[in-house]
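The structure file data19.pdb is reproduced below (PDB, C-alpha atoms, pLDDT in the B column).
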ATOM      1  CA  MET A   1       9.064  12.267 -13.702  1.00 50.00           C
ATOM      2  CA  LYS A   2       6.712  13.548 -16.429  1.00 52.00           C
ATOM      3  CA  LYS A   3       5.038  10.125 -16.590  1.00 52.00           C
ATOM      4  CA  LEU A   4       4.541  10.151 -12.803  1.00 46.00           C
ATOM      5  CA  LEU A   5       3.013  13.648 -12.873  1.00 45.00           C
ATOM      6  CA  SER A   6       0.669  12.739 -15.725  1.00 49.00           C
ATOM      7  CA  LEU A   7      -0.406   9.565 -13.862  1.00 44.00           C
ATOM      8  CA  VAL A   8      -1.140  11.580 -10.685  1.00 43.00           C
ATOM      9  CA  LEU A   9      -3.061  14.224 -12.682  1.00 44.00           C
ATOM     10  CA  THR A  10      -5.111  11.553 -14.489  1.00 47.00           C
ATOM     11  CA  PHE A  11      -5.856   9.842 -11.167  1.00 47.00           C
ATOM     12  CA  SER A  12      -6.961  13.166  -9.605  1.00 47.00           C
ATOM     13  CA  VAL A  13      -9.312  13.990 -12.486  1.00 44.00           C
ATOM     14  CA  MET A  14     -10.754  10.465 -12.408  1.00 47.00           C
ATOM     15  CA  MET A  15     -11.354  10.681  -8.647  1.00 45.00           C
ATOM     16  CA  SER A  16     -13.030  14.109  -8.856  1.00 45.00           C
ATOM     17  CA  THR A  17     -15.342  12.810 -11.607  1.00 43.00           C
ATOM     18  CA  VAL A  18     -16.280   9.765  -9.521  1.00 45.00           C
ATOM     19  CA  HIS A  19     -16.908  11.976  -6.481  1.00 41.00           C
ATOM     20  CA  ALA A  20     -19.223  14.251  -8.471  1.00 40.00           C
ATOM     21  CA  GLU A  21     -21.343  11.234  -9.470  1.00 41.00           C
ATOM     22  CA  THR A  22     -21.910   9.856  -5.955  1.00 42.00           C
ATOM     23  CA  ASP A  23     -24.446  10.811  -3.301  1.00 42.00           C
ATOM     24  CA  ASN A  24     -23.210  11.198   0.268  1.00 45.00           C
ATOM     25  CA  ALA A  25     -20.987   8.104   0.035  1.00 56.00           C
ATOM     26  CA  ALA A  26     -17.801   9.942   1.036  1.00 67.00           C
ATOM     27  CA  SER A  27     -15.972   9.290   4.309  1.00 86.00           C
ATOM     28  CA  TRP A  28     -12.445   9.545   5.704  1.00 94.00           C
ATOM     29  CA  TYR A  29     -10.542   6.676   7.285  1.00 95.00           C
ATOM     30  CA  LEU A  30      -7.284   5.967   9.109  1.00 97.00           C
ATOM     31  CA  GLY A  31      -5.542   2.631   9.292  1.00 97.00           C
ATOM     32  CA  ALA A  32      -2.433   0.899  10.570  1.00 98.00           C
ATOM     33  CA  GLY A  33      -1.093  -2.561  10.094  1.00 97.00           C
ATOM     34  CA  ALA A  34       1.771  -4.979  10.435  1.00 98.00           C
ATOM     35  CA  GLY A  35       2.971  -7.942   8.484  1.00 97.00           C
ATOM     36  CA  VAL A  36       5.797  -9.769   6.785  1.00 96.00           C
ATOM     37  CA  SER A  37       7.816  -8.232   3.981  1.00 92.00           C
ATOM     38  CA  ARG A  38       9.833 -10.063   1.360  1.00 89.00           C
ATOM     39  CA  LEU A  39      12.875  -8.028   0.329  1.00 82.00           C
ATOM     40  CA  ASN A  40      15.228  -9.278  -2.340  1.00 76.00           C
ATOM     41  CA  PRO A  41      17.758  -6.644  -3.460  1.00 66.00           C
ATOM     42  CA  ASP A  42      19.633  -7.412  -6.672  1.00 63.00           C
ATOM     43  CA  THR A  43      23.102  -8.704  -5.786  1.00 58.00           C
ATOM     44  CA  LYS A  44      23.979 -10.102  -9.224  1.00 65.00           C
ATOM     45  CA  ASN A  45      27.493  -9.349 -10.444  1.00 65.00           C
ATOM     46  CA  SER A  46      28.730  -8.629  -6.900  1.00 63.00           C
ATOM     47  CA  GLU A  47      30.467 -10.495  -4.103  1.00 64.00           C
ATOM     48  CA  PHE A  48      27.325 -10.154  -1.948  1.00 66.00           C
ATOM     49  CA  SER A  49      24.239 -12.341  -1.585  1.00 60.00           C
ATOM     50  CA  VAL A  50      20.921 -11.921   0.203  1.00 62.00           C
ATOM     51  CA  SER A  51      21.017 -13.850   3.485  1.00 65.00           C
ATOM     52  CA  ASP A  52      17.653 -12.814   4.986  1.00 66.00           C
ATOM     53  CA  LYS A  53      14.746 -11.868   2.689  1.00 80.00           C
ATOM     54  CA  TYR A  54      11.941 -11.667   5.272  1.00 86.00           C
ATOM     55  CA  ASP A  55      11.345  -9.054   7.961  1.00 89.00           C
ATOM     56  CA  PHE A  56       8.637  -7.533  10.129  1.00 95.00           C
ATOM     57  CA  ALA A  57       6.960  -4.512   8.515  1.00 96.00           C
ATOM     58  CA  PHE A  58       4.432  -1.896   9.564  1.00 97.00           C
ATOM     59  CA  LYS A  59       2.354   0.685   7.763  1.00 97.00           C
ATOM     60  CA  ALA A  60       0.046   3.630   8.346  1.00 98.00           C
ATOM     61  CA  TYR A  61      -2.409   5.182   5.917  1.00 98.00           C
ATOM     62  CA  ALA A  62      -5.191   7.725   5.573  1.00 98.00           C
ATOM     63  CA  GLY A  63      -7.878   7.429   2.956  1.00 96.00           C
ATOM     64  CA  TYR A  64     -11.061   8.783   1.517  1.00 95.00           C
ATOM     65  CA  ASP A  65     -14.003   6.722   0.258  1.00 91.00           C
ATOM     66  CA  TRP A  66     -15.258   8.472  -2.883  1.00 90.00           C
ATOM     67  CA  SER A  67     -18.049   5.952  -3.284  1.00 87.00           C
ATOM     68  CA  GLU A  68     -18.995   2.448  -2.170  1.00 85.00           C
ATOM     69  CA  ARG A  69     -16.555   1.031  -4.760  1.00 89.00           C
ATOM     70  CA  ILE A  70     -13.726   3.584  -5.066  1.00 93.00           C
ATOM     71  CA  SER A  71     -11.298   4.920  -2.450  1.00 95.00           C
ATOM     72  CA  ALA A  72      -8.008   6.802  -2.476  1.00 97.00           C
ATOM     73  CA  GLU A  73      -5.317   6.717   0.186  1.00 97.00           C
ATOM     74  CA  ALA A  74      -1.889   8.044   1.116  1.00 98.00           C
ATOM     75  CA  TYR A  75       0.450   5.615   2.871  1.00 97.00           C
ATOM     76  CA  TYR A  76       3.781   5.212   4.632  1.00 97.00           C
ATOM     77  CA  THR A  77       5.339   1.749   4.962  1.00 96.00           C
ATOM     78  CA  ASP A  78       8.481   0.618   6.779  1.00 95.00           C
ATOM     79  CA  LEU A  79       9.271  -2.688   5.097  1.00 92.00           C
ATOM     80  CA  GLY A  80      12.195  -3.601   7.362  1.00 90.00           C
ATOM     81  CA  LYS A  81      15.639  -4.790   6.301  1.00 86.00           C
ATOM     82  CA  ALA A  82      17.147  -7.376   3.985  1.00 82.00           C
ATOM     83  CA  GLY A  83      20.237  -9.115   5.341  1.00 75.00           C
ATOM     84  CA  ILE A  84      23.249  -9.149   3.019  1.00 76.00           C
ATOM     85  CA  SER A  85      26.134 -11.666   3.249  1.00 72.00           C
ATOM     86  CA  PRO A  86      28.932 -11.575   4.159  1.00 77.00           C
ATOM     87  CA  TYR A  87      27.894  -8.492   6.180  1.00 76.00           C
ATOM     88  CA  GLY A  88      25.413  -5.633   6.041  1.00 77.00           C
ATOM     89  CA  GLU A  89      21.767  -4.912   5.393  1.00 78.00           C
ATOM     90  CA  VAL A  90      19.505  -2.736   3.248  1.00 79.00           C
ATOM     91  CA  ASP A  91      16.595  -0.875   4.860  1.00 83.00           C
ATOM     92  CA  TYR A  92      13.384  -0.272   2.846  1.00 88.00           C
ATOM     93  CA  ARG A  93      10.781   2.478   3.381  1.00 93.00           C
ATOM     94  CA  ASP A  94       8.052   3.525   0.955  1.00 94.00           C
ATOM     95  CA  PHE A  95       5.391   6.233   0.742  1.00 96.00           C
ATOM     96  CA  GLY A  96       2.882   7.234  -1.900  1.00 97.00           C
ATOM     97  CA  ILE A  97      -0.748   7.351  -3.016  1.00 97.00           C
ATOM     98  CA  SER A  98      -3.035   4.649  -4.308  1.00 97.00           C
ATOM     99  CA  GLY A  99      -6.544   4.080  -5.538  1.00 97.00           C
ATOM    100  CA  LEU A 100      -8.698   1.132  -4.471  1.00 97.00           C
ATOM    101  CA  TYR A 101     -11.492  -0.467  -6.435  1.00 96.00           C
ATOM    102  CA  TYR A 102     -13.936  -2.741  -4.562  1.00 93.00           C
ATOM    103  CA  PHE A 103     -15.318  -5.502  -6.779  1.00 90.00           C
ATOM    104  CA  ARG A 104     -18.663  -5.207  -5.049  1.00 79.00           C
ATOM    105  CA  GLU A 105     -20.051  -2.625  -2.668  1.00 69.00           C
ATOM    106  CA  ARG A 106     -18.462  -2.814   0.754  1.00 65.00           C
ATOM    107  CA  PRO A 107     -20.783  -4.789   2.999  1.00 60.00           C
ATOM    108  CA  ASP A 108     -22.491  -3.825   6.187  1.00 60.00           C
ATOM    109  CA  TYR A 109     -20.505  -5.215   9.127  1.00 50.00           C
ATOM    110  CA  ARG A 110     -22.996  -8.100   9.446  1.00 53.00           C
ATOM    111  CA  TYR A 111     -22.570  -9.421   5.885  1.00 66.00           C
ATOM    112  CA  GLY A 112     -19.025 -10.477   5.112  1.00 75.00           C
ATOM    113  CA  TRP A 113     -15.947  -9.619   3.127  1.00 87.00           C
ATOM    114  CA  ALA A 114     -15.266  -7.193   0.273  1.00 90.00           C
ATOM    115  CA  LEU A 115     -12.467  -7.920  -2.224  1.00 94.00           C
ATOM    116  CA  PHE A 116     -10.484  -4.966  -3.647  1.00 96.00           C
ATOM    117  CA  GLY A 117      -7.663  -4.202  -6.055  1.00 97.00           C
ATOM    118  CA  LYS A 118      -5.131  -1.426  -5.562  1.00 97.00           C
ATOM    119  CA  LEU A 119      -3.057   0.657  -7.979  1.00 98.00           C
ATOM    120  CA  GLY A 120      -0.801   3.531  -7.037  1.00 97.00           C
ATOM    121  CA  VAL A 121       2.517   5.317  -7.271  1.00 97.00           C
ATOM    122  CA  GLY A 122       5.171   5.375  -4.590  1.00 96.00           C
ATOM    123  CA  ARG A 123       8.680   6.419  -3.750  1.00 94.00           C
ATOM    124  CA  MET A 124      11.083   3.875  -2.299  1.00 90.00           C
ATOM    125  CA  LYS A 125      13.835   5.020   0.084  1.00 88.00           C
ATOM    126  CA  ASN A 126      16.736   2.802   1.113  1.00 80.00           C
ATOM    127  CA  ASP A 127      19.501   3.078   3.696  1.00 78.00           C
ATOM    128  CA  SER A 128      22.480   0.790   3.961  1.00 73.00           C
ATOM    129  CA  ASP A 129      25.961   0.556   5.382  1.00 76.00           C
ATOM    130  CA  LEU A 130      26.931  -0.927   1.992  1.00 69.00           C
ATOM    131  CA  ARG A 131      27.391   0.900  -1.277  1.00 70.00           C
ATOM    132  CA  TYR A 132      24.315   0.439  -3.436  1.00 67.00           C
ATOM    133  CA  LYS A 133      22.644   1.883  -6.507  1.00 67.00           C
ATOM    134  CA  ARG A 134      18.889   2.345  -6.887  1.00 68.00           C
ATOM    135  CA  ASN A 135      17.583   1.624 -10.363  1.00 71.00           C
ATOM    136  CA  HIS A 136      14.715   4.105  -9.917  1.00 76.00           C
ATOM    137  CA  ASP A 137      13.160   6.007  -7.003  1.00 83.00           C
ATOM    138  CA  TYR A 138       9.522   5.964  -8.153  1.00 91.00           C
ATOM    139  CA  HIS A 139       7.446   2.898  -8.898  1.00 92.00           C
ATOM    140  CA  VAL A 140       3.940   1.660  -9.582  1.00 95.00           C
ATOM    141  CA  LEU A 141       2.250  -0.145  -6.670  1.00 95.00           C
ATOM    142  CA  PHE A 142      -0.088  -3.120  -7.222  1.00 97.00           C
ATOM    143  CA  GLY A 143      -2.147  -4.772  -4.534  1.00 97.00           C
ATOM    144  CA  ILE A 144      -5.076  -7.014  -3.757  1.00 98.00           C
ATOM    145  CA  GLY A 145      -6.899  -7.524  -0.511  1.00 97.00           C
ATOM    146  CA  THR A 146     -10.090  -8.004   1.403  1.00 95.00           C
ATOM    147  CA  GLU A 147     -11.908  -6.053   4.116  1.00 93.00           C
ATOM    148  CA  HIS A 148     -14.479  -6.977   6.731  1.00 91.00           C
ATOM    149  CA  LYS A 149     -16.339  -4.533   8.946  1.00 87.00           C
ATOM    150  CA  ILE A 150     -16.274  -5.766  12.542  1.00 88.00           C
ATOM    151  CA  THR A 151     -18.356  -2.861  13.889  1.00 86.00           C
ATOM    152  CA  THR A 152     -20.042   0.125  12.293  1.00 81.00           C
ATOM    153  CA  HIS A 153     -16.714   2.020  12.116  1.00 87.00           C
ATOM    154  CA  LEU A 154     -13.934  -0.583  12.606  1.00 92.00           C
ATOM    155  CA  THR A 155     -12.721  -2.695   9.700  1.00 92.00           C
ATOM    156  CA  LEU A 156     -10.188  -5.528   9.351  1.00 95.00           C
ATOM    157  CA  ARG A 157      -8.088  -5.538   6.188  1.00 96.00           C
ATOM    158  CA  PHE A 158      -5.765  -8.218   4.812  1.00 97.00           C
ATOM    159  CA  GLU A 159      -3.687  -7.320   1.757  1.00 97.00           C
ATOM    160  CA  LEU A 160      -0.752  -8.182  -0.452  1.00 98.00           C
ATOM    161  CA  GLU A 161       1.152  -5.247  -1.962  1.00 97.00           C
ATOM    162  CA  LEU A 162       3.852  -5.377  -4.636  1.00 96.00           C
ATOM    163  CA  PHE A 163       5.998  -2.255  -4.376  1.00 91.00           C
ATOM    164  CA  GLU A 164       8.791  -3.234  -6.746  1.00 81.00           C
ATOM    165  CA  GLU A 165      10.182  -6.485  -8.056  1.00 79.00           C
ATOM    166  CA  ASP A 166      12.341  -6.710  -4.918  1.00 83.00           C
ATOM    167  CA  ALA A 167       9.803  -5.580  -2.256  1.00 89.00           C
ATOM    168  CA  GLN A 168       6.438  -7.100  -1.301  1.00 93.00           C
ATOM    169  CA  LEU A 169       4.268  -6.961   1.832  1.00 96.00           C
ATOM    170  CA  LEU A 170       1.586  -9.254   3.244  1.00 97.00           C
ATOM    171  CA  SER A 171      -0.186  -7.372   6.048  1.00 97.00           C
ATOM    172  CA  PHE A 172      -3.014  -7.419   8.573  1.00 97.00           C
ATOM    173  CA  ASN A 173      -4.577  -3.984   9.228  1.00 98.00           C
ATOM    174  CA  LEU A 174      -7.148  -2.318  11.435  1.00 97.00           C
ATOM    175  CA  MET A 175      -9.042   0.705  10.076  1.00 95.00           C
ATOM    176  CA  ARG A 176     -11.340   3.321  11.555  1.00 95.00           C
ATOM    177  CA  ARG A 177     -13.849   5.016   9.230  1.00 90.00           C
ATOM    178  CA  PHE A 178     -15.219   8.432  10.182  1.00 89.00           C
ATOM    179  CA  ASP A 179     -18.586   8.356   8.458  1.00 71.00           C
ATOM    180  CA  SER A 180     -22.244   8.529   9.348  1.00 52.00           C
ATOM    181  CA  GLY A 181     -22.430   4.794   9.997  1.00 48.00           C
ATOM    182  CA  ARG A 182     -23.176   3.366   6.553  1.00 44.00           C
TER     183      ARG A 182
END
Translate the structure of the given file into structure tokens.
Amino acid sequence: MKKLLSLVLTFSVMMSTVHAETDNAASWYLGAGAGVSRLNPDTKNSEFSVSDKYDFAFKAYAGYDWSERISAEAYYTDLGKAGISPYGEVDYRDFGISGLYYFRERPDYRYGWALFGKLGVGRMKNDSDLRYKRNHDYHVLFGIGTEHKITTHLTLRFELELFEEDAQLLSFNLMRRFDSGR
């Protein structure tokens, strides 16, 4: 828990420093998306096996663009369920915060795609009708994706997120930025 708190504090200081160095680049955004999750709970040393690793997932997030290259967002993701044989399932939900780094300035909606990387911390929650043990509740989130503005305020986003070794999401998202039209 101390490591998580120090990571969040470091991230907050870094973001406030970046914000102080930018000129009027800040804007809020909201987004939602859906996709396919890959869920693979560890069933080693048990009589169970994973029978269905893929499920429909959805997510919602709110973010803040600190600059043309750096954003921060809070998210909630329902990753769906993994089927377990001979019977049962494990439900996955995750929430947390992440920072995004755009490898070039986000383009005007007329000019194409912007590639980004994502790093964050999250908390995984599971429900199941089976007995299970979580190895850890908190995790580091990694992601990569691309965005394309389709209008001045609407943006398409495709991304791959790795929540834990047993949970990943490939999603298609639609975002709305609340800025002055940059």
Carefully work through the PyMOL selection byres ((chain A and resi 91-107) around 9) for this structure and note down the residues it includes, as JSON, numbers by chain. {"A": [8, 11, 15, 39, 67, 68, 69, 70, 71, 72, 73, 74, 75, 76, 77, 78, 79, 80, 81, 82, 89, 90, 108, 109, 110, 111, 112, 113, 114, 115, 116, 117, 118, 119, 120, 121, 122, 123, 124, 125, 126, 127, 128, 141, 142, 143, 144, 146, 147, 148, 149, 163, 167]}
Which of these residues is nearest to Asp65 in chain A, using only C-alpha atoms: A:Leu30, A:Tyr87, A:Ser37, A:Leu169?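 Distance minimum relative to Asp65 in chain A lands on A:Leu30.
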Determine the nearest neighbour of Lys53 in chain A from the options A:Gln168, A:Asn40, A:Thr155, A:Ser27, counting all atoms listed in the file. A:Asn40
If I take CA of His153 in chain A and CA of Phe178 in chain A, how far is one from the other in Å, to one decimal?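 CA of Phe178 in chain A lies at a distance of 6.9 Å from CA of His153 in chain A.
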Do a neighbour search on Val36 in chain A at 6 Å with only C-alpha atoms, toss out local chain neighbours closer than 5 positions, and write the hits as JSON, numbers by chain. {"A": [55, 56, 57, 169, 170]}
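With CA of Met175 in chain A on one side and CA of His139 in chain A on the other, the separation reads 25.2 Å.
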Using CA of Ala60 in chain A and CA of Tyr138 in chain A as the two end points, give the distance in Å to one decimal.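 These two atoms are separated by 19.2 Å.
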